[in-house]
Every structure is written in structure tokens, then in C-alpha cells.
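Colleague: Shown below is the structure under consideration.
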Amino acid sequence: MKYKAPRGTQDILPGKVEAWQSFESISRTILERHGYREIRTPVFEQKELFLRTVGQDTDIVQKEMYTFADRKDRQLALRPEGTAPVIRSYVENSLWKERALQKLYYIGPMFRYDRPQKGRYRQFHHVGAEALGSLSPLVDAEVIALMEMLLRAAGIKRLILKINSLGEAENRKSYTLALKDYFSGKRDQLCPDCRVRLEANPMRILDCKVPACNQLSRDIPAMEQYLSDQDSEHYEKVQHWLGVLGLSFEKDKNLVRGLDYYTRTTFEFHHDELGATVALGGGGRYDGLVEECGGPEIPAIGFSLGTERVLLAASLDRAGKDDTVDKRKGALYLAWLGEGVLEAAFKLAFALRNIVPVEMDLEARSLKAQLRQADKMGVSHVLILGDQELVSKKVQVKDLTTGDQVDLDIEKLVEFIHTKIKCYDTDKAPERIVDKALGGELREALSFFVNSGGN
Ligand code: HAM
């Protein structure tokens, strides 16, 4: 019996995971620079939370949620998105009391029973941010610009930003009626799902991927006619501030997004090669959601981007350049020869790991085999330790990138590592690394090394 990863999921293997780590790490830095702090919520929640927030009639709830009952028959769902859990936590923990404008971010897996294809998975990953506590259009512009900064930091060049405004809940209602009117005349041309949507929630027809419904959606009445003066003013200001920040955008009247909680601003980023149905990420305002979840009347806006799609778009923009990481980054291989030096080598490898990644042979292979292994692992330098070196209190250092080999006084090893090899702590002053390393295990290992040599 051979096991496979479940359909629509993937393993992120070494060699590829580095791109994930680097995107997540730059995302954290950028988000934190903008005042966002991380929040981690469970990967499953009460199913009801998503019915109430994402919406009963959405595809996410109707077709894509992984739901289950636990042993006590509690109805639960794997989170299909991160906004509702963040709001649940914000309300449950009264986070509005802590600061008026609460900026939170999250990075983690989401689950949707979607049809797997390029850029579409059943377990995928979000980097998301939510700013709670302000109605200001400046926040809208800041959130959109922040999302753009993350996408650019990933290396994506060909970005398209689409924006729209859905108005406040009241205006949405009159717009929904207008949509119902429009589609009622074309009922026969709608797919069976959309006929149900027409009665339950006509706006959801705009998400339909069936070509005939898609075609009909192109000529819908423009939402802008249904916006109140305040909504229009807000939308104008968002556009103004996006311009101030130098962001260009397209207005898209069909951008209602696939979740029910949006009010006013909605936005999405696309990549021209991935097409209109595969957004890199999106978001919008949801001024009524905190109240809907039992909290006070607090406006909010946020976005999530899909890491799989971001990395895919970034690799397209690198135009075929290999996205596996350069393996020959600062790392050492400690080759040892003969049982007589094993104890010294084993201890030295552990101690050196305080300052640099160290690989070591654990199978007593020949020097040739160890060098081959070091080369395969892609390390830049090999330390060679044999009886001879132990006696002379030296170590041989072979630079695999140039092939050069030198004899190094063991006392000079830390300094050598610092100047020639990139250490974990390169941002710290060399003396401090040496002090720290020599003050602890490494000093002990070196003195052990020196003492265990013959006279
Ligand atoms: P969403 O548009 O449903 O929004 O998802 C955001 C992004 O997640 C999409 O643009 C896409 O990149 C990625 N994504 C969605 N489904 C899949 C999938 N099956 N496979 C791969 N990637 C996928 C939200 O989830 C909202 N919570 C965004 C938000 C935050 N609105 C306000 N705050």
C-alpha cells in the first residue's frame, strides 16, 4: 500500500520551502513595520461562524467547506479563510479595548474543497492582515498599498490592481434588488445554481464561473449609481490616496468578491499571465462584521493573499530562472579520519553549530566519500581533521568553491569562520560572536581538542 498526499494538497519539500520561508519572513518584517502584530487562531472553528460571516449562499459555505462533527457532536469546520476567526477572537478577547486601531496579521493554512488545478488547492496558505477600528479612507489606501508592497517584495512585477465599492449595507440592499431585476429577465439563461442564487442572494451570481452566467454578468447595472453620497465620497478618497501613493488601478464594477461580509471598498490583485479567475489576493472593508459577531459597532478592512499563487507569479516574473535556493551558502562540513579523532570532531561540530551550520559524517566514511557528500550538500567549506591535525593543533580547511586548501591554527578557527563564511549572527560584531562562542561550549570544545592532541 502506497500512501499519497490527499488530493489538492502538496508537500513543500526542502529546496522549495526556502522560497516560502523567505516570503513569510519578508512579509512579517513588512507587516510589522506597518504596525501589524501577529495573531494565531485555531485551524478549526464552529461551523456556524462561517455561515454567519462568509455567508450561507456563498460557494465557500455551500460547496467548499470541510465540516465535521466532533465526538460530542459539535459542528465544526476547517477554516476556509482567516477573517472570520480573527473577528471572533477580537470580539471574544475584547481587543478593541486594548487599542483603538487594532492591526493584526496571520500566516497559515486554509482549507477549501475546491477543484484542484494550477494555483487552486484544497489546503492553501494565506498571509493576511486586518485593520480594525477606523472608517478613514486612508486606512483603505494604506491596506491596499501594504498588500502591493508584499507582492512586490515577493518579486512580482506584472501586477494589476482592481478596485470597486459595494456601498454600505443599505445601499447593497437596493443594488441587490436592481441585480434581481436584471437577472430575472434572463432567468432561463442562468445555470441551475444561479437560479437558486437569484432568489437567495443575486450578488453571488457574479461569482459564477459558468461561461453563460459570466457573459450575462458583464452588462449588470453599475454599483456606482447605487452608492450614497457618503459612499461615493469614501470611494473617491480611496482613489485619491491610492494616487498619492503612486498606485495605478482599474475600476471593476463586477468585483463583489466571493464572501458576503464586504461593505464599501473591495480590491484584488491579479497577474496578467494567471488570468482574471486566479487572483493573487484580495480583500475589502467589512464595517458590519464585528457587530455581526457580537461585538460593538467597529469598522474594519483587510486582505489575504494566497502564498501558492504569489510564489507561482513570482516564478513567472523571474522568467524561467531557477527558483531553488543557492545551496553554496555559508555552511561547513566536518570531515574526520579515524576513530582517534571522532570524540574531538563530534564535540567540535556541536560547539561550532553555535555560530555556523555544520554537517558531519556519522558513518566513518573515507575522506573521498566525505568530500563527495559535502559537495552534494552544497556546503562552501570542509574542515578536515585527522590524527596529524590533532597533534599539530591545526585543522585543514578546503574551500569547495575554489578548491584551495589551507592549514589553520585551531585557535584561529572562529575568526576564520567569521571572516570567510557567513555565520548565523553576521549582523553582530565579530568580537561579540567570538566572545560568545569562545565563552561557552566552543571554548570547551577547542580546549578539549587542544588538550587531547599528543605532545
Ligand atoms: P479570498 O479572495 O477568498 O479572500 O482569498 C484570498 C486569496 O486566497 C485568493 O486571492 C487566492 O490567492 C487564495 N486562494 C483562495 N482559494 C484558494 C485555493 N483553493 N487555492 C489556492 N489559493 C487560494 C479571503 O479569504 C478573505 N478572508 C480576504 C480578506 C481579508 N478580506 C478581508 N480581510
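Following the order of the C-alpha cells, first chain is A, next is B, and so on, with residues numbered from 1 inside each chain and ligands from 1 in the order they appear.
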At a cut-off of 6 Å around ligand 1, and using only C-alpha atoms and all ligand atoms, what residues come up? Please write them as a PyMOL selection string.
Modeller: chain A and resi 81-83+112+114+119-122+124+130+279-284+301-306+309
Colleague: Would you mind listing what lies within 9 Å of range 288-290 of chain A as JSON, numbers by chain, with only C-alpha atoms counted and same-chain residues fewer than 2 positions away left out?
Modeller: {"A": [53, 84, 87, 88, 90, 91, 132, 168, 169, 261, 262, 263, 285, 286, 292, 293, 294, 295, 296, 297, 298, 299, 300]}
Colleague: To one decimal place, how far is CA of Arg264 in chain A from CA of Asp57 in chain A in Å?
Modeller: 19.9 Å
Colleague: So which one's closest to Glu268 in chain A, A:Val196, A:Val406, A:Ile163, A:Val238? Using only C-alpha atoms, please.
Modeller: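 Counting only C-alpha atoms, the residue closest to Glu268 in chain A is A:Ile163.
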Colleague: Name the residues in contact with Ile421 in chain A at a cut-off of 8 Å, using only C-alpha atoms, excluding same-chain residues fewer than 2 positions from it; report them as number ranges by chain.
Modeller: A: 330-331, 380, 416-419, 423
Colleague: Store the residues of this selection in a file with N, CA, C and O atoms, as a PDB file, in the first residue's frame.
Modeller:
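Dumped everything to result_1.pdb:
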```
ATOM      1  N   GLY A 330      26.821  29.884   3.324  1.00  0.00           N
ATOM      2  CA  GLY A 330      27.713  29.586   4.428  1.00  0.00           C
ATOM      3  C   GLY A 330      27.342  28.359   5.220  1.00  0.00           C
ATOM      4  O   GLY A 330      26.342  28.339   5.951  1.00  0.00           O
ATOM      5  N   ALA A 331      28.103  27.314   5.076  1.00  0.00           N
ATOM      6  CA  ALA A 331      27.925  26.116   5.875  1.00  0.00           C
ATOM      7  C   ALA A 331      29.231  25.339   5.825  1.00  0.00           C
ATOM      8  O   ALA A 331      30.014  25.488   4.891  1.00  0.00           O
ATOM      9  N   SER A 380      30.066  25.271   1.566  1.00  0.00           N
ATOM     10  CA  SER A 380      31.141  26.015   0.910  1.00  0.00           C
ATOM     11  C   SER A 380      32.526  25.563   1.379  1.00  0.00           C
ATOM     12  O   SER A 380      33.483  25.642   0.618  1.00  0.00           O
ATOM     13  N   PHE A 416      38.330  32.677  11.450  1.00  0.00           N
ATOM     14  CA  PHE A 416      38.277  32.276  10.047  1.00  0.00           C
ATOM     15  C   PHE A 416      36.816  32.094   9.596  1.00  0.00           C
ATOM     16  O   PHE A 416      36.405  32.583   8.551  1.00  0.00           O
ATOM     17  N   ILE A 417      36.072  31.399  10.420  1.00  0.00           N
ATOM     18  CA  ILE A 417      34.661  31.160  10.073  1.00  0.00           C
ATOM     19  C   ILE A 417      33.951  32.491   9.925  1.00  0.00           C
ATOM     20  O   ILE A 417      33.183  32.702   8.989  1.00  0.00           O
ATOM     21  N   HIS A 418      34.253  33.383  10.839  1.00  0.00           N
ATOM     22  CA  HIS A 418      33.534  34.651  10.765  1.00  0.00           C
ATOM     23  C   HIS A 418      33.889  35.454   9.523  1.00  0.00           C
ATOM     24  O   HIS A 418      33.030  36.045   8.881  1.00  0.00           O
ATOM     25  N   THR A 419      35.170  35.470   9.162  1.00  0.00           N
ATOM     26  CA  THR A 419      35.556  36.309   8.027  1.00  0.00           C
ATOM     27  C   THR A 419      35.266  35.638   6.687  1.00  0.00           C
ATOM     28  O   THR A 419      34.902  36.299   5.729  1.00  0.00           O
ATOM     29  N   CYS A 423      28.053  33.568   8.949  1.00  0.00           N
ATOM     30  CA  CYS A 423      27.550  32.886  10.152  1.00  0.00           C
ATOM     31  C   CYS A 423      26.083  33.227  10.380  1.00  0.00           C
ATOM     32  O   CYS A 423      25.518  34.073   9.727  1.00  0.00           O
TER      33      CYS A 423
END
```
Colleague: May I have the residues within 8 Å of Ile60 in chain A as a PDB file with C-alpha atoms, in the first residue's frame, using only C-alpha atoms and disregarding those fewer than 6 positions away in the same chain?
Modeller:
```pdb
ATOM      1  CA  VAL A  54     -18.758  34.391   4.923  1.00  0.00           C
ATOM      2  CA  PRO A  80     -11.778  28.319   4.778  1.00  0.00           C
ATOM      3  CA  ARG A 112     -11.478  24.698   0.743  1.00  0.00           C
ATOM      4  CA  GLY A 258     -16.907  35.714  -3.100  1.00  0.00           C
ATOM      5  CA  LEU A 259     -17.730  36.476   0.532  1.00  0.00           C
TER       6      LEU A 259
END
```
Colleague: Would you mind listing what lies within 12 Å of Gln215 in chain A as an mmCIF file with C-alpha atoms, in the first residue's frame, with only C-alpha atoms counted and same-chain residues fewer than 4 positions away left out?
Modeller:
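The new file part.cif reads:
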```cif
data_model
loop_
_atom_site.group_PDB
_atom_site.id
_atom_site.type_symbol
_atom_site.label_atom_id
_atom_site.label_comp_id
_atom_site.auth_asym_id
_atom_site.auth_seq_id
_atom_site.Cartn_x
_atom_site.Cartn_y
_atom_site.Cartn_z
ATOM 1 C CA PHE A 183 -31.219 38.730 -13.935
ATOM 2 C CA LYS A 186 -32.660 36.340 -18.138
ATOM 3 C CA GLN A 189 -30.164 31.561 -19.489
ATOM 4 C CA LEU A 190 -28.809 31.126 -15.945
ATOM 5 C CA CYS A 191 -27.303 27.856 -14.685
ATOM 6 C CA ILE A 205 -24.368 35.223 -9.476
ATOM 7 C CA LEU A 206 -21.391 37.477 -10.221
ATOM 8 C CA ASP A 207 -19.013 34.824 -8.786
ATOM 9 C CA CYS A 208 -20.353 32.097 -11.084
ATOM 10 C CA LYS A 209 -17.715 30.500 -13.266
ATOM 11 C CA VAL A 210 -20.195 29.056 -15.818
ATOM 12 C CA PRO A 211 -19.456 30.936 -19.095
ATOM 13 C CA ASP A 219 -23.761 44.084 -18.519
ATOM 14 C CA ILE A 220 -25.064 44.384 -14.974
ATOM 15 C CA ASN A 254 -18.122 43.280 -11.053
#
```
Colleague: Hey, which of A:Val379, A:Ala19, A:Ala212, A:Ala200 ends up closest to Gly55 in chain A? Count only C-alpha atoms.
Modeller: A:Ala200
Colleague: Skip Arg195 in chain A itself and residues of its chain fewer than 6 positions away, then list as a list in words all residues within 9 Å of it, counting only C-alpha atoms.
Modeller: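 Listed by chain and then number, they are Ser184, Arg187, Asp188, Pro202 and Ile205 of chain A.
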Colleague: Can you list, as number ranges by chain, every protein, DNA or RNA residue that comes within 12 Å of Ser174 in chain A when you count only C-alpha atoms, leaving out same-chain residues fewer than 4 positions away?
Modeller: A: 166-170, 178-181, 202-203, 221, 223-228
Colleague: Residues of the last selection are to be written out with C-alpha atoms, as a compact mmCIF listing (two decimals), in the first residue's frame.
Modeller:
```txt
# COMPACT_ATOMS: atom_id res chain seq x y z
CA LEU A 166 -20.14 47.98 -2.75
CA GLY A 167 -21.54 50.72 -0.54
CA GLU A 168 -22.95 50.32 2.94
CA ALA A 169 -25.37 47.56 3.86
CA GLU A 170 -28.45 49.70 2.97
CA ALA A 178 -31.54 46.00 -9.08
CA LEU A 179 -29.49 42.88 -9.81
CA LYS A 180 -32.50 40.69 -9.14
CA ASP A 181 -34.48 42.74 -11.64
CA PRO A 202 -28.38 37.65 -6.52
CA MET A 203 -24.95 39.22 -5.95
CA PRO A 221 -26.05 47.83 -13.73
CA MET A 223 -22.92 49.65 -8.49
CA GLU A 224 -21.70 53.24 -8.50
CA GLN A 225 -25.22 54.50 -9.33
CA TYR A 226 -26.47 52.98 -6.09
CA LEU A 227 -23.85 54.42 -3.79
CA SER A 228 -24.93 57.01 -1.24
```
Colleague: Taking only C-alpha atoms into account, name the residue in A:Gln230, A:Gln239, A:Thr29, A:Asn93 that is nearest to Asn171 in chain A.
Modeller: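 Looking at the shortest contact to Asn171 in chain A, the residue is A:Gln230.
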Colleague: Counting only C-alpha atoms, which of A:Leu135, A:Thr9, A:Leu337, A:Gln56 gets nearest to Lys237 in chain A?
Modeller: A:Leu135
Colleague: Counting only C-alpha atoms, which of A:Ser315, A:Thr67, A:Ser392, A:Gln370 gets nearest to Gly155 in chain A?
Modeller: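 Answer, going by the shortest atom-to-atom distance: A:Ser315.
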Colleague: Pick the closest to Gly378 in chain A from A:Leu390, A:Tyr333, A:Leu177, A:Ser89: which is it, counting only C-alpha atoms?
Modeller: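 Once distances to Gly378 in chain A are computed over only C-alpha atoms, the minimum belongs to A:Tyr333.
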Colleague: Measure the distance from CA of Cys194 in chain A to CA of Leu51 in chain A in Å and round it to one decimal.
Modeller: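 About the pair CA of Cys194 in chain A and CA of Leu51 in chain A: they are 19.0 Å apart.
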Colleague: Provide the CA of Gln373 in chain A to CA of Glu389 in chain A distance in Å, to one decimal place.
Modeller: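 Between CA of Gln373 in chain A and CA of Glu389 in chain A the gap works out to 21.3 Å.
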Colleague: Just list as a list in words whatever in range 27-134 of chain A DSSP marks as alpha helix (DSSP H).
Modeller: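 In range 27-134 of chain A, DSSP puts these residues in alpha helix (DSSP H): Ser27, Arg28, Thr29, Ile30, Leu31, Glu32, Arg33, Lys47, Glu48, Leu49, Phe50, Leu51, Arg52, Thr53, Asp59, Thr83, Ala84, Pro85, Val86, Ile87, Arg88, Ser89, Tyr90, Val91 and Glu92 of chain A.
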Colleague: Could you pull out the strand (DSSP E) residues of range 61-232 of chain A, going by DSSP on the backbone, and write them as JSON, numbers by chain?
Modeller: {"A": [67, 68, 69, 75, 76, 77, 78, 102, 103, 104, 105, 106, 107, 108, 109, 110, 111, 123, 124, 125, 126, 127, 128, 129, 130, 131, 132, 159, 160, 161, 162, 163, 164, 165]}
Colleague: May I have the selected residues written with N, CA and C atoms, as a compact mmCIF listing (two decimals), in the first residue's frame?
Modeller:
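Writing the result to result_30.txt gives the following:
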```txt
# COMPACT_ATOMS: atom_id res chain seq x y z
N THR A 67 -16.40 20.25 6.76
CA THR A 67 -17.12 20.32 8.03
C THR A 67 -17.13 18.94 8.67
N PHE A 68 -17.21 18.92 9.97
CA PHE A 68 -17.27 17.63 10.68
C PHE A 68 -17.87 17.84 12.06
N ALA A 69 -18.35 16.72 12.62
CA ALA A 69 -18.86 16.78 13.99
C ALA A 69 -17.82 16.10 14.87
N GLN A 75 -20.61 20.92 15.84
CA GLN A 75 -20.44 21.12 14.40
C GLN A 75 -19.29 22.08 14.15
N LEU A 76 -18.23 21.55 13.52
CA LEU A 76 -17.01 22.33 13.33
C LEU A 76 -16.66 22.43 11.85
N ALA A 77 -15.76 23.36 11.53
CA ALA A 77 -15.29 23.47 10.14
C ALA A 77 -13.82 23.83 10.14
N LEU A 78 -13.06 23.22 9.22
CA LEU A 78 -11.69 23.69 9.00
C LEU A 78 -11.82 25.09 8.41
N GLN A 102 -6.71 48.52 15.85
CA GLN A 102 -6.04 47.24 16.11
C GLN A 102 -5.61 46.65 14.77
N LYS A 103 -4.30 46.46 14.61
CA LYS A 103 -3.82 45.92 13.32
C LYS A 103 -3.25 44.53 13.57
N LEU A 104 -3.85 43.53 12.93
CA LEU A 104 -3.47 42.13 13.19
C LEU A 104 -3.11 41.42 11.89
N TYR A 105 -2.14 40.54 11.96
CA TYR A 105 -1.84 39.74 10.76
C TYR A 105 -1.75 38.26 11.11
N TYR A 106 -1.88 37.42 10.09
CA TYR A 106 -1.81 35.97 10.29
C TYR A 106 -1.19 35.32 9.07
N ILE A 107 -0.55 34.21 9.32
CA ILE A 107 0.08 33.43 8.24
C ILE A 107 -0.26 31.98 8.53
N GLY A 108 -0.90 31.30 7.60
CA GLY A 108 -1.22 29.90 7.91
C GLY A 108 -2.11 29.25 6.88
N PRO A 109 -2.37 27.94 7.09
CA PRO A 109 -3.15 27.18 6.12
C PRO A 109 -4.66 27.43 6.20
N MET A 110 -5.30 27.39 5.04
CA MET A 110 -6.76 27.49 4.93
C MET A 110 -7.22 26.27 4.11
N PHE A 111 -8.49 25.96 4.20
CA PHE A 111 -8.97 24.71 3.58
C PHE A 111 -10.26 24.96 2.81
N GLN A 123 -5.75 22.51 0.42
CA GLN A 123 -5.09 23.22 1.53
C GLN A 123 -4.17 24.24 0.89
N PHE A 124 -4.41 25.51 1.18
CA PHE A 124 -3.55 26.56 0.65
C PHE A 124 -3.22 27.49 1.82
N HIS A 125 -2.41 28.52 1.53
CA HIS A 125 -1.90 29.31 2.65
C HIS A 125 -2.12 30.80 2.45
N HIS A 126 -2.55 31.44 3.51
CA HIS A 126 -2.78 32.89 3.47
C HIS A 126 -1.71 33.64 4.24
N VAL A 127 -1.36 34.79 3.70
CA VAL A 127 -0.76 35.84 4.53
C VAL A 127 -1.84 36.91 4.54
N GLY A 128 -2.36 37.22 5.71
CA GLY A 128 -3.50 38.13 5.78
C GLY A 128 -3.31 39.21 6.82
N ALA A 129 -4.02 40.31 6.63
CA ALA A 129 -3.93 41.41 7.59
C ALA A 129 -5.31 42.03 7.77
N GLU A 130 -5.61 42.43 8.98
CA GLU A 130 -6.90 43.06 9.26
C GLU A 130 -6.65 44.29 10.12
N ALA A 131 -7.22 45.43 9.70
CA ALA A 131 -7.09 46.68 10.48
C ALA A 131 -8.48 47.02 11.01
N LEU A 132 -8.64 46.98 12.32
CA LEU A 132 -9.97 47.17 12.91
C LEU A 132 -10.02 48.46 13.70
N LEU A 159 1.77 43.35 -12.00
CA LEU A 159 0.61 43.35 -11.11
C LEU A 159 -0.53 44.19 -11.67
N ILE A 160 -1.74 43.70 -11.48
CA ILE A 160 -2.90 44.51 -11.86
C ILE A 160 -3.77 44.64 -10.61
N LEU A 161 -4.09 45.88 -10.26
CA LEU A 161 -4.95 46.13 -9.09
C LEU A 161 -6.35 46.52 -9.57
N LYS A 162 -7.35 45.81 -9.06
CA LYS A 162 -8.74 46.15 -9.40
C LYS A 162 -9.44 46.60 -8.13
N ILE A 163 -10.26 47.64 -8.24
CA ILE A 163 -10.99 48.09 -7.05
C ILE A 163 -12.47 48.31 -7.39
N ASN A 164 -13.27 48.32 -6.35
CA ASN A 164 -14.70 48.59 -6.52
C ASN A 164 -15.23 49.08 -5.18
N SER A 165 -16.45 49.60 -5.18
CA SER A 165 -17.09 49.90 -3.90
C SER A 165 -18.48 49.30 -3.91
```
